[in-house]
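Chemist: What follows is upload-v5.cif, mmCIF, N, CA and C atoms.
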```
data_structure
#
loop_
_atom_site.label_atom_id
_atom_site.label_comp_id
_atom_site.auth_asym_id
_atom_site.auth_seq_id
_atom_site.Cartn_x
_atom_site.Cartn_y
_atom_site.Cartn_z
N MET K 126 101.46 104.22 76.74
CA MET K 126 102.79 104.27 77.32
C MET K 126 103.65 103.17 76.70
N THR K 127 104.79 103.53 76.19
CA THR K 127 105.76 102.58 75.66
C THR K 127 106.75 102.26 76.77
N VAL K 128 106.87 100.99 77.10
CA VAL K 128 107.79 100.58 78.15
C VAL K 128 108.84 99.66 77.55
N SER K 129 110.08 99.92 77.84
CA SER K 129 111.16 99.11 77.31
C SER K 129 111.59 98.08 78.33
N GLU K 130 112.61 97.41 78.01
CA GLU K 130 113.15 96.39 78.89
C GLU K 130 114.35 96.96 79.64
N VAL K 131 114.08 97.92 80.52
CA VAL K 131 115.10 98.57 81.34
C VAL K 131 114.59 98.66 82.77
N ILE K 132 115.46 98.40 83.72
CA ILE K 132 115.13 98.60 85.12
C ILE K 132 115.84 99.86 85.59
N GLN K 133 115.09 100.75 86.22
CA GLN K 133 115.67 102.00 86.75
C GLN K 133 115.83 101.86 88.25
N VAL K 134 117.01 102.20 88.74
CA VAL K 134 117.25 102.22 90.18
C VAL K 134 117.64 103.63 90.58
N CYS K 135 117.11 104.06 91.71
CA CYS K 135 117.33 105.43 92.19
C CYS K 135 118.18 105.36 93.46
N THR K 136 119.12 106.29 93.58
CA THR K 136 119.98 106.30 94.75
C THR K 136 120.27 107.72 95.21
N ASP K 137 120.36 107.87 96.51
CA ASP K 137 120.81 109.14 97.09
C ASP K 137 122.05 108.93 97.95
N GLY K 138 122.60 107.72 97.89
CA GLY K 138 123.81 107.41 98.65
C GLY K 138 123.55 106.91 100.05
N SER K 139 122.30 106.80 100.45
CA SER K 139 121.98 106.29 101.79
C SER K 139 122.19 104.78 101.83
N PRO K 140 122.41 104.22 103.03
CA PRO K 140 122.57 102.77 103.14
C PRO K 140 121.36 102.00 102.57
N LEU K 141 120.17 102.50 102.78
CA LEU K 141 118.99 101.81 102.27
C LEU K 141 118.93 101.88 100.75
N SER K 142 119.37 103.00 100.16
CA SER K 142 119.38 103.06 98.70
C SER K 142 120.44 102.13 98.13
N ASP K 143 121.52 101.88 98.88
CA ASP K 143 122.51 100.88 98.46
C ASP K 143 121.87 99.49 98.40
N LYS K 144 120.98 99.22 99.33
CA LYS K 144 120.25 97.94 99.32
C LYS K 144 119.34 97.86 98.08
N ALA K 145 118.72 98.97 97.72
CA ALA K 145 117.88 99.02 96.51
C ALA K 145 118.73 98.77 95.26
N VAL K 146 119.93 99.31 95.23
CA VAL K 146 120.84 99.10 94.10
C VAL K 146 121.15 97.61 93.97
N GLN K 147 121.48 96.97 95.09
CA GLN K 147 121.79 95.53 95.05
C GLN K 147 120.59 94.73 94.54
N GLU K 148 119.40 95.07 95.00
CA GLU K 148 118.19 94.37 94.56
C GLU K 148 117.96 94.58 93.07
N ALA K 149 118.13 95.81 92.60
CA ALA K 149 117.93 96.11 91.18
C ALA K 149 118.94 95.37 90.30
N ILE K 150 120.18 95.33 90.73
CA ILE K 150 121.21 94.61 89.97
C ILE K 150 120.87 93.12 89.92
N ALA K 151 120.46 92.56 91.03
CA ALA K 151 120.09 91.14 91.06
C ALA K 151 118.91 90.86 90.13
N MET K 152 117.92 91.74 90.14
CA MET K 152 116.77 91.56 89.25
C MET K 152 117.19 91.69 87.79
N ALA K 153 117.99 92.70 87.48
CA ALA K 153 118.44 92.90 86.10
C ALA K 153 119.26 91.71 85.62
N GLN K 154 120.09 91.18 86.49
CA GLN K 154 120.91 90.02 86.14
C GLN K 154 120.02 88.81 85.86
N LYS K 155 119.10 88.56 86.75
CA LYS K 155 118.21 87.41 86.61
C LYS K 155 117.33 87.52 85.36
N MET K 156 116.86 88.74 85.08
CA MET K 156 115.95 88.97 83.95
C MET K 156 116.70 89.31 82.66
N GLN K 157 118.03 89.41 82.76
CA GLN K 157 118.90 89.76 81.63
C GLN K 157 118.46 91.08 80.99
N LEU K 158 118.31 92.09 81.85
CA LEU K 158 117.91 93.42 81.42
C LEU K 158 118.98 94.44 81.81
N PRO K 159 119.10 95.50 81.04
CA PRO K 159 120.04 96.57 81.43
C PRO K 159 119.45 97.41 82.57
N LEU K 160 120.34 98.14 83.20
CA LEU K 160 119.99 98.98 84.35
C LEU K 160 120.23 100.44 83.99
N VAL K 161 119.37 101.31 84.49
CA VAL K 161 119.60 102.76 84.42
C VAL K 161 119.68 103.21 85.87
N ALA K 162 120.86 103.69 86.28
CA ALA K 162 121.06 104.16 87.65
C ALA K 162 120.91 105.67 87.68
N VAL K 163 120.02 106.15 88.56
CA VAL K 163 119.67 107.57 88.60
C VAL K 163 119.94 108.15 89.98
N THR K 164 120.55 109.31 89.98
CA THR K 164 120.60 110.12 91.19
C THR K 164 120.16 111.53 90.78
N VAL K 165 119.36 112.14 91.60
CA VAL K 165 118.84 113.46 91.28
C VAL K 165 119.70 114.50 91.98
N VAL K 166 120.08 115.53 91.21
CA VAL K 166 120.97 116.56 91.72
C VAL K 166 120.30 117.93 91.62
N SER K 167 120.77 118.84 92.45
CA SER K 167 120.24 120.20 92.43
C SER K 167 121.04 121.10 91.51
N GLY K 168 122.21 120.64 91.09
CA GLY K 168 123.05 121.44 90.21
C GLY K 168 124.17 122.17 90.92
N LYS K 169 124.28 122.00 92.23
CA LYS K 169 125.35 122.66 93.00
C LYS K 169 126.69 122.00 92.69
N ALA K 170 127.69 122.80 92.46
CA ALA K 170 129.03 122.29 92.16
C ALA K 170 129.56 121.43 93.31
N SER K 171 129.17 121.76 94.53
CA SER K 171 129.68 121.05 95.71
C SER K 171 129.26 119.58 95.75
N GLU K 172 128.22 119.21 95.02
CA GLU K 172 127.75 117.83 95.06
C GLU K 172 128.32 116.96 93.95
N GLN K 173 129.07 117.54 93.02
CA GLN K 173 129.56 116.81 91.86
C GLN K 173 130.42 115.60 92.21
N ASP K 174 131.35 115.76 93.14
CA ASP K 174 132.24 114.65 93.50
C ASP K 174 131.46 113.50 94.13
N ALA K 175 130.53 113.82 95.02
CA ALA K 175 129.74 112.77 95.66
C ALA K 175 128.86 112.03 94.65
N VAL K 176 128.28 112.78 93.73
CA VAL K 176 127.43 112.17 92.70
C VAL K 176 128.27 111.26 91.80
N ARG K 177 129.41 111.74 91.38
CA ARG K 177 130.30 110.94 90.53
C ARG K 177 130.70 109.65 91.24
N ALA K 178 131.07 109.75 92.50
CA ALA K 178 131.48 108.57 93.26
C ALA K 178 130.32 107.59 93.42
N ARG K 179 129.14 108.11 93.72
CA ARG K 179 127.95 107.27 93.90
C ARG K 179 127.62 106.49 92.62
N LEU K 180 127.60 107.19 91.50
CA LEU K 180 127.26 106.53 90.24
C LEU K 180 128.35 105.58 89.77
N THR K 181 129.61 105.95 89.99
CA THR K 181 130.72 105.08 89.61
C THR K 181 130.67 103.77 90.39
N ALA K 182 130.31 103.84 91.67
CA ALA K 182 130.21 102.62 92.49
C ALA K 182 129.10 101.70 91.95
N ILE K 183 127.99 102.28 91.53
CA ILE K 183 126.90 101.47 90.98
C ILE K 183 127.35 100.82 89.67
N ALA K 184 128.01 101.59 88.82
CA ALA K 184 128.50 101.05 87.55
C ALA K 184 129.43 99.87 87.78
N GLN K 185 130.30 99.99 88.79
CA GLN K 185 131.24 98.92 89.10
C GLN K 185 130.50 97.66 89.56
N LYS K 186 129.52 97.83 90.45
CA LYS K 186 128.75 96.68 90.93
C LYS K 186 127.99 96.01 89.79
N ALA K 187 127.41 96.81 88.92
CA ALA K 187 126.68 96.26 87.77
C ALA K 187 127.63 95.52 86.84
N ARG K 188 128.78 96.12 86.57
CA ARG K 188 129.78 95.49 85.70
C ARG K 188 130.20 94.14 86.27
N GLU K 189 130.45 94.09 87.58
CA GLU K 189 130.85 92.83 88.22
C GLU K 189 129.77 91.76 88.09
N ALA K 190 128.52 92.18 88.01
CA ALA K 190 127.40 91.24 87.86
C ALA K 190 127.09 90.95 86.40
N GLY K 191 127.80 91.61 85.49
CA GLY K 191 127.57 91.41 84.07
C GLY K 191 126.31 92.10 83.56
N VAL K 192 125.91 93.18 84.24
CA VAL K 192 124.71 93.91 83.88
C VAL K 192 125.09 95.23 83.22
N PRO K 193 124.63 95.47 81.98
CA PRO K 193 124.88 96.77 81.35
C PRO K 193 124.20 97.87 82.18
N CYS K 194 124.88 99.00 82.34
CA CYS K 194 124.35 100.05 83.21
C CYS K 194 124.61 101.42 82.62
N GLU K 195 123.54 102.19 82.50
CA GLU K 195 123.65 103.59 82.08
C GLU K 195 123.52 104.45 83.34
N LEU K 196 124.34 105.48 83.45
CA LEU K 196 124.34 106.35 84.61
C LEU K 196 123.71 107.69 84.27
N VAL K 197 122.82 108.17 85.13
CA VAL K 197 122.13 109.44 84.89
C VAL K 197 122.15 110.28 86.16
N ALA K 198 122.72 111.48 86.06
CA ALA K 198 122.62 112.48 87.13
C ALA K 198 121.60 113.49 86.62
N GLU K 199 120.40 113.42 87.15
CA GLU K 199 119.29 114.22 86.66
C GLU K 199 119.10 115.47 87.51
N GLN K 200 119.12 116.62 86.89
CA GLN K 200 118.89 117.85 87.62
C GLN K 200 117.39 118.10 87.68
N ALA K 201 116.89 118.34 88.89
CA ALA K 201 115.45 118.58 89.09
C ALA K 201 115.24 119.36 90.37
N ARG K 202 114.08 120.01 90.45
CA ARG K 202 113.73 120.77 91.66
C ARG K 202 113.54 119.83 92.85
N ALA K 203 112.91 118.70 92.60
CA ALA K 203 112.64 117.73 93.67
C ALA K 203 113.03 116.34 93.17
N PRO K 204 113.54 115.49 94.06
CA PRO K 204 113.96 114.15 93.64
C PRO K 204 112.87 113.37 92.89
N TYR K 205 111.65 113.40 93.39
CA TYR K 205 110.61 112.60 92.72
C TYR K 205 110.37 113.07 91.29
N GLU K 206 110.49 114.37 91.04
CA GLU K 206 110.31 114.88 89.68
C GLU K 206 111.39 114.35 88.74
N GLY K 207 112.62 114.32 89.22
CA GLY K 207 113.72 113.78 88.41
C GLY K 207 113.58 112.29 88.16
N ILE K 208 113.16 111.56 89.17
CA ILE K 208 112.97 110.11 89.04
C ILE K 208 111.91 109.80 88.00
N ILE K 209 110.79 110.48 88.08
CA ILE K 209 109.69 110.26 87.13
C ILE K 209 110.11 110.69 85.72
N ALA K 210 110.81 111.81 85.60
CA ALA K 210 111.25 112.29 84.29
C ALA K 210 112.17 111.28 83.60
N VAL K 211 113.11 110.72 84.34
CA VAL K 211 114.03 109.74 83.75
C VAL K 211 113.26 108.47 83.37
N ALA K 212 112.38 108.02 84.23
CA ALA K 212 111.60 106.80 83.93
C ALA K 212 110.82 106.97 82.63
N ARG K 213 110.23 108.13 82.44
CA ARG K 213 109.47 108.39 81.21
C ARG K 213 110.40 108.49 80.00
N ARG K 214 111.50 109.21 80.17
CA ARG K 214 112.43 109.43 79.05
C ARG K 214 113.10 108.13 78.62
N LYS K 215 113.44 107.29 79.58
CA LYS K 215 114.14 106.03 79.29
C LYS K 215 113.16 104.87 79.09
N HIS K 216 111.87 105.14 79.24
CA HIS K 216 110.83 104.11 79.10
C HIS K 216 111.11 102.92 80.02
N ALA K 217 111.42 103.23 81.28
CA ALA K 217 111.75 102.18 82.25
C ALA K 217 110.55 101.26 82.49
N ARG K 218 110.83 100.00 82.58
CA ARG K 218 109.81 98.99 82.86
C ARG K 218 109.43 99.02 84.33
N LEU K 219 110.40 99.36 85.19
CA LEU K 219 110.24 99.28 86.63
C LEU K 219 111.15 100.30 87.28
N ILE K 220 110.68 100.93 88.35
CA ILE K 220 111.51 101.82 89.16
C ILE K 220 111.78 101.11 90.48
N VAL K 221 113.04 101.01 90.87
CA VAL K 221 113.43 100.42 92.15
C VAL K 221 114.02 101.53 93.00
N MET K 222 113.52 101.66 94.23
CA MET K 222 114.04 102.71 95.12
C MET K 222 113.88 102.30 96.58
N ALA K 223 114.60 103.00 97.44
CA ALA K 223 114.53 102.74 98.87
C ALA K 223 113.25 103.32 99.46
N SER K 224 112.83 102.75 100.58
CA SER K 224 111.63 103.24 101.24
C SER K 224 111.85 104.62 101.86
N ARG K 225 113.07 104.94 102.16
CA ARG K 225 113.42 106.28 102.65
C ARG K 225 114.89 106.51 102.37
N GLY K 226 115.27 107.79 102.36
CA GLY K 226 116.64 108.13 102.00
C GLY K 226 117.27 109.08 102.99
N LEU K 227 118.05 109.99 102.46
CA LEU K 227 118.81 110.91 103.30
C LEU K 227 118.04 112.15 103.71
N GLY K 228 116.81 112.29 103.25
CA GLY K 228 116.02 113.48 103.57
C GLY K 228 115.94 113.71 105.06
N SER K 229 115.88 114.97 105.45
CA SER K 229 115.86 115.29 106.88
C SER K 229 114.46 115.17 107.48
N ILE K 230 113.43 115.26 106.65
CA ILE K 230 112.06 115.11 107.15
C ILE K 230 111.47 113.88 106.51
N GLU K 231 111.19 112.86 107.32
CA GLU K 231 110.69 111.61 106.78
C GLU K 231 109.40 111.20 107.47
N SER K 232 108.58 110.49 106.75
CA SER K 232 107.37 109.94 107.34
C SER K 232 107.73 108.72 108.17
N VAL K 233 106.78 108.24 108.92
CA VAL K 233 107.02 107.09 109.78
C VAL K 233 107.34 105.85 108.96
N PHE K 234 106.63 105.61 107.88
CA PHE K 234 106.79 104.38 107.12
C PHE K 234 107.55 104.55 105.81
N LEU K 235 107.27 105.62 105.07
CA LEU K 235 107.92 105.87 103.79
C LEU K 235 108.43 107.29 103.76
N GLY K 236 109.57 107.48 103.11
CA GLY K 236 110.07 108.83 102.92
C GLY K 236 109.12 109.60 102.00
N SER K 237 109.13 110.90 102.13
CA SER K 237 108.19 111.72 101.37
C SER K 237 108.45 111.63 99.86
N GLU K 238 109.70 111.53 99.44
CA GLU K 238 109.99 111.42 98.00
C GLU K 238 109.51 110.08 97.47
N THR K 239 109.64 109.03 98.26
CA THR K 239 109.14 107.72 97.85
C THR K 239 107.62 107.77 97.70
N GLN K 240 106.96 108.40 98.63
CA GLN K 240 105.50 108.54 98.54
C GLN K 240 105.10 109.30 97.28
N LYS K 241 105.84 110.35 96.95
CA LYS K 241 105.53 111.14 95.76
C LYS K 241 105.76 110.34 94.49
N VAL K 242 106.80 109.53 94.46
CA VAL K 242 107.03 108.68 93.28
C VAL K 242 105.89 107.68 93.14
N LEU K 243 105.50 107.05 94.25
CA LEU K 243 104.40 106.09 94.20
C LEU K 243 103.12 106.74 93.71
N ALA K 244 102.87 107.96 94.11
CA ALA K 244 101.65 108.66 93.71
C ALA K 244 101.70 109.13 92.26
N SER K 245 102.89 109.40 91.74
CA SER K 245 103.04 110.00 90.42
C SER K 245 103.41 109.03 89.31
N ALA K 246 103.94 107.88 89.66
CA ALA K 246 104.47 106.95 88.65
C ALA K 246 103.36 106.33 87.82
N ASP K 247 103.66 106.17 86.54
CA ASP K 247 102.73 105.51 85.63
C ASP K 247 103.24 104.13 85.25
N ARG K 248 104.09 103.57 86.12
CA ARG K 248 104.66 102.24 85.93
C ARG K 248 104.95 101.64 87.30
N PRO K 249 105.24 100.35 87.39
CA PRO K 249 105.48 99.72 88.69
C PRO K 249 106.69 100.32 89.41
N VAL K 250 106.56 100.38 90.74
CA VAL K 250 107.65 100.85 91.60
C VAL K 250 107.88 99.79 92.66
N LEU K 251 109.12 99.33 92.78
CA LEU K 251 109.50 98.39 93.83
C LEU K 251 110.18 99.19 94.92
N VAL K 252 109.60 99.17 96.12
CA VAL K 252 110.16 99.89 97.25
C VAL K 252 110.90 98.90 98.13
N VAL K 253 112.20 99.15 98.33
CA VAL K 253 113.05 98.26 99.10
C VAL K 253 113.19 98.80 100.52
N ARG K 254 112.98 97.90 101.49
CA ARG K 254 113.08 98.28 102.90
C ARG K 254 114.25 97.59 103.56
#
```
Before we go any further, please render this structure as C-alpha coordinates.

Modeler:
Amino acid sequence: MTVSEVIQVCTDGSPLSDKAVQEAIAMAQKMQLPLVAVTVVSGKASEQDAVRARLTAIAQKAREAGVPCELVAEQARAPYEGIIAVARRKHARLIVMASRGLGSIESVFLGSETQKVLASADRPVLVVR
(Lines of atoms letter the chains of each structure in order from A and count residues from 1; the text may use other names and numbers.)
(Lines give C-alpha, C1' and ligand atoms only; values in the text may rest on other atoms or scores of the structure.)
Protein backbone atom coordinates (compact mmCIF):
# COMPACT_ATOMS: atom_id res chain seq x y z
CA MET A 1 0.00 0.00 0.00
CA THR A 2 1.35 3.41 -0.99
CA VAL A 3 0.29 6.09 1.46
CA SER A 4 0.81 9.77 0.79
CA GLU A 5 0.86 12.72 3.07
CA VAL A 6 -2.86 13.56 2.84
CA ILE A 7 -5.54 13.57 5.52
CA GLN A 8 -9.03 12.62 4.37
CA VAL A 9 -12.06 13.95 6.21
CA CYS A 10 -15.57 12.67 5.58
CA THR A 11 -18.72 14.69 6.07
CA ASP A 12 -22.46 14.24 5.69
CA GLY A 13 -23.34 17.69 7.02
CA SER A 14 -24.26 16.50 10.50
CA PRO A 15 -23.10 18.52 13.54
CA LEU A 16 -20.79 15.68 14.58
CA SER A 17 -19.21 15.51 11.13
CA ASP A 18 -18.59 19.27 11.42
CA LYS A 19 -16.61 18.47 14.56
CA ALA A 20 -14.62 15.86 12.58
CA VAL A 21 -13.88 18.51 9.93
CA GLN A 22 -12.53 20.88 12.59
CA GLU A 23 -10.35 18.11 14.04
CA ALA A 24 -9.02 17.15 10.60
CA ILE A 25 -8.20 20.76 9.73
CA ALA A 26 -6.38 21.21 13.03
CA MET A 27 -4.38 18.02 12.45
CA ALA A 28 -3.55 18.98 8.86
CA GLN A 29 -2.45 22.43 9.99
CA LYS A 30 -0.28 21.09 12.79
CA MET A 31 1.26 18.39 10.56
CA GLN A 32 1.48 20.72 7.53
CA LEU A 33 -0.44 18.28 5.35
CA PRO A 34 -3.13 18.88 2.73
CA LEU A 35 -6.71 17.82 3.29
CA VAL A 36 -9.09 15.86 1.07
CA ALA A 37 -12.70 16.59 2.05
CA VAL A 38 -15.14 13.89 0.97
CA THR A 39 -18.89 13.64 0.91
CA VAL A 40 -20.58 10.64 -0.62
CA VAL A 41 -23.54 11.26 -2.90
CA SER A 42 -26.16 9.06 -4.49
CA GLY A 43 -26.26 11.08 -7.70
CA LYS A 44 -29.69 12.65 -7.16
CA ALA A 45 -29.98 16.14 -8.61
CA SER A 46 -31.86 17.25 -5.48
CA GLU A 47 -28.75 16.86 -3.32
CA GLN A 48 -26.39 18.94 -5.50
CA ASP A 49 -26.96 22.27 -3.75
CA ALA A 50 -26.50 20.80 -0.27
CA VAL A 51 -23.34 18.97 -1.32
CA ARG A 52 -21.89 22.09 -2.94
CA ALA A 53 -22.63 24.16 0.17
CA ARG A 54 -21.17 21.51 2.49
CA LEU A 55 -17.92 21.20 0.56
CA THR A 56 -17.59 24.95 0.01
CA ALA A 57 -17.86 25.52 3.77
CA ILE A 58 -15.06 23.01 4.40
CA ALA A 59 -12.87 24.64 1.75
CA GLN A 60 -13.40 28.03 3.40
CA LYS A 61 -12.49 26.71 6.87
CA ALA A 62 -9.38 25.02 5.49
CA ARG A 63 -8.37 28.16 3.59
CA GLU A 64 -8.74 30.25 6.76
CA ALA A 65 -6.42 27.80 8.53
CA GLY A 66 -3.91 27.88 5.67
CA VAL A 67 -4.53 24.23 4.79
CA PRO A 68 -4.66 23.18 1.12
CA CYS A 69 -7.92 21.31 0.52
CA GLU A 70 -9.21 19.18 -2.33
CA LEU A 71 -12.98 18.64 -2.48
CA VAL A 72 -14.50 15.33 -3.60
CA ALA A 73 -18.18 14.48 -4.08
CA GLU A 74 -17.96 10.73 -4.54
CA GLN A 75 -20.86 8.84 -6.03
CA ALA A 76 -21.32 5.41 -4.44
CA ARG A 77 -24.02 2.92 -3.48
CA ALA A 78 -23.13 3.21 0.20
CA PRO A 79 -21.20 5.92 2.07
CA TYR A 80 -18.54 3.54 3.38
CA GLU A 81 -17.80 2.31 -0.15
CA GLY A 82 -17.22 5.87 -1.36
CA ILE A 83 -15.07 6.74 1.64
CA ILE A 84 -12.83 3.71 1.15
CA ALA A 85 -12.63 4.27 -2.63
CA VAL A 86 -11.44 7.86 -2.21
CA ALA A 87 -8.94 6.90 0.50
CA ARG A 88 -7.41 4.30 -1.82
CA ARG A 89 -7.46 6.55 -4.89
CA LYS A 90 -5.95 9.54 -3.07
CA HIS A 91 -3.58 7.36 -1.01
CA ALA A 92 -4.82 8.99 2.20
CA ARG A 93 -2.60 8.59 5.23
CA LEU A 94 -5.56 8.84 7.61
CA ILE A 95 -9.35 8.92 7.43
CA VAL A 96 -11.12 11.25 9.88
CA MET A 97 -14.86 10.83 10.37
CA ALA A 98 -17.66 11.26 12.88
CA SER A 99 -18.77 8.41 15.11
CA ARG A 100 -22.26 8.75 13.66
CA GLY A 101 -23.98 10.88 11.07
CA LEU A 102 -27.34 11.67 9.58
CA GLY A 103 -28.34 8.06 8.97
CA SER A 104 -31.79 7.14 10.22
CA ILE A 105 -30.71 3.78 11.66
CA GLU A 106 -27.77 4.01 14.02
CA SER A 107 -26.09 1.71 16.46
CA VAL A 108 -25.85 2.59 20.12
CA PHE A 109 -22.16 3.53 20.01
CA LEU A 110 -21.13 3.93 16.36
CA GLY A 111 -23.08 4.63 13.22
CA SER A 112 -23.30 1.71 10.82
CA GLU A 113 -21.29 3.47 8.08
CA THR A 114 -18.53 4.26 10.58
CA GLN A 115 -18.45 0.62 11.62
CA LYS A 116 -18.19 -0.45 7.98
CA VAL A 117 -15.32 1.96 7.33
CA LEU A 118 -13.49 0.67 10.41
CA ALA A 119 -13.97 -2.92 9.23
CA SER A 120 -12.95 -2.22 5.62
CA ALA A 121 -10.19 0.38 5.88
CA ASP A 122 -6.61 -0.59 5.15
CA ARG A 123 -5.29 2.54 6.87
CA PRO A 124 -5.84 4.34 10.20
CA VAL A 125 -9.27 5.82 10.92
CA LEU A 126 -9.80 8.54 13.53
CA VAL A 127 -13.37 8.50 14.82
CA VAL A 128 -14.48 11.81 16.33
CA ARG A 129 -17.17 11.82 19.02

Chemist: Evaluate the PyMOL selection byres (((chain K and resi 162-170 and name CA) around 7) and name CA) and record the selected residues as a count of residues only, following the chain and residue labels used in the document.

Modeler: 21

Chemist: Which parts of chain K does DSSP call strand (DSSP E) when run on the backbone here, written out as a ChimeraX atom specification?

Modeler: /K:132-135,160-166,194-200,219-223,250-253

Chemist: From the set K:Ala151, K:Val211, K:Ala217, K:Ala203, which residue has the shortest atom-to-atom contact distance to Arg188 in chain K, counting only C-alpha atoms?

Modeler: K:Ala151

Chemist: Counting only C-alpha atoms, which residue out of K:Ala210, K:Leu180, K:Ala190, K:Ala223 sits closest to Asp247 in chain K?

Modeler: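 Counting only C-alpha atoms, the residue closest to Asp247 in chain K is K:Ala210.
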
Chemist: Please evaluate the PyMOL selection byres ((chain K and resi 218) around 8) against the structure above and give the resulting residues as a VMD selection string.

Modeler: chain K and resid 127 to 133 212 215 to 217 219 to 221 248 to 250

Chemist: What gap, in Å, lies between CA of Arg225 in chain K and CA of Met156 in chain K?

Modeler: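 Distance between the two atoms: 25.6 Å.
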
Chemist: Applied to the shown file, which residues does the PyMOL selection byres ((chain K and resi 146) around 8) return, written as a PyMOL selection string?

Modeler: chain K and resi 134-136+140-145+147-152+183+221-223+253

Chemist: By how many Å are CA of Glu238 in chain K and CA of Leu158 in chain K apart?

Modeler: 25.7 Å

Chemist: Which one is closest to Ser237 in chain K: K:Ser224, K:Leu251, K:Ile208, K:Ala175? Count only C-alpha atoms.

Modeler: K:Ser224

Chemist: Could you pull out all residues of range 174-249 of chain K with a DSSP call of alpha helix (DSSP H) and give them as a ChimeraX atom specification?

Modeler: /K:174-190,204-215,237-245

Chemist: Expressed in Å to a single decimal, how great is the separation between atom N of Gly226 in chain K and atom N of Ser245 in chain K?

Modeler: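 So the answer is 16.4 Å.
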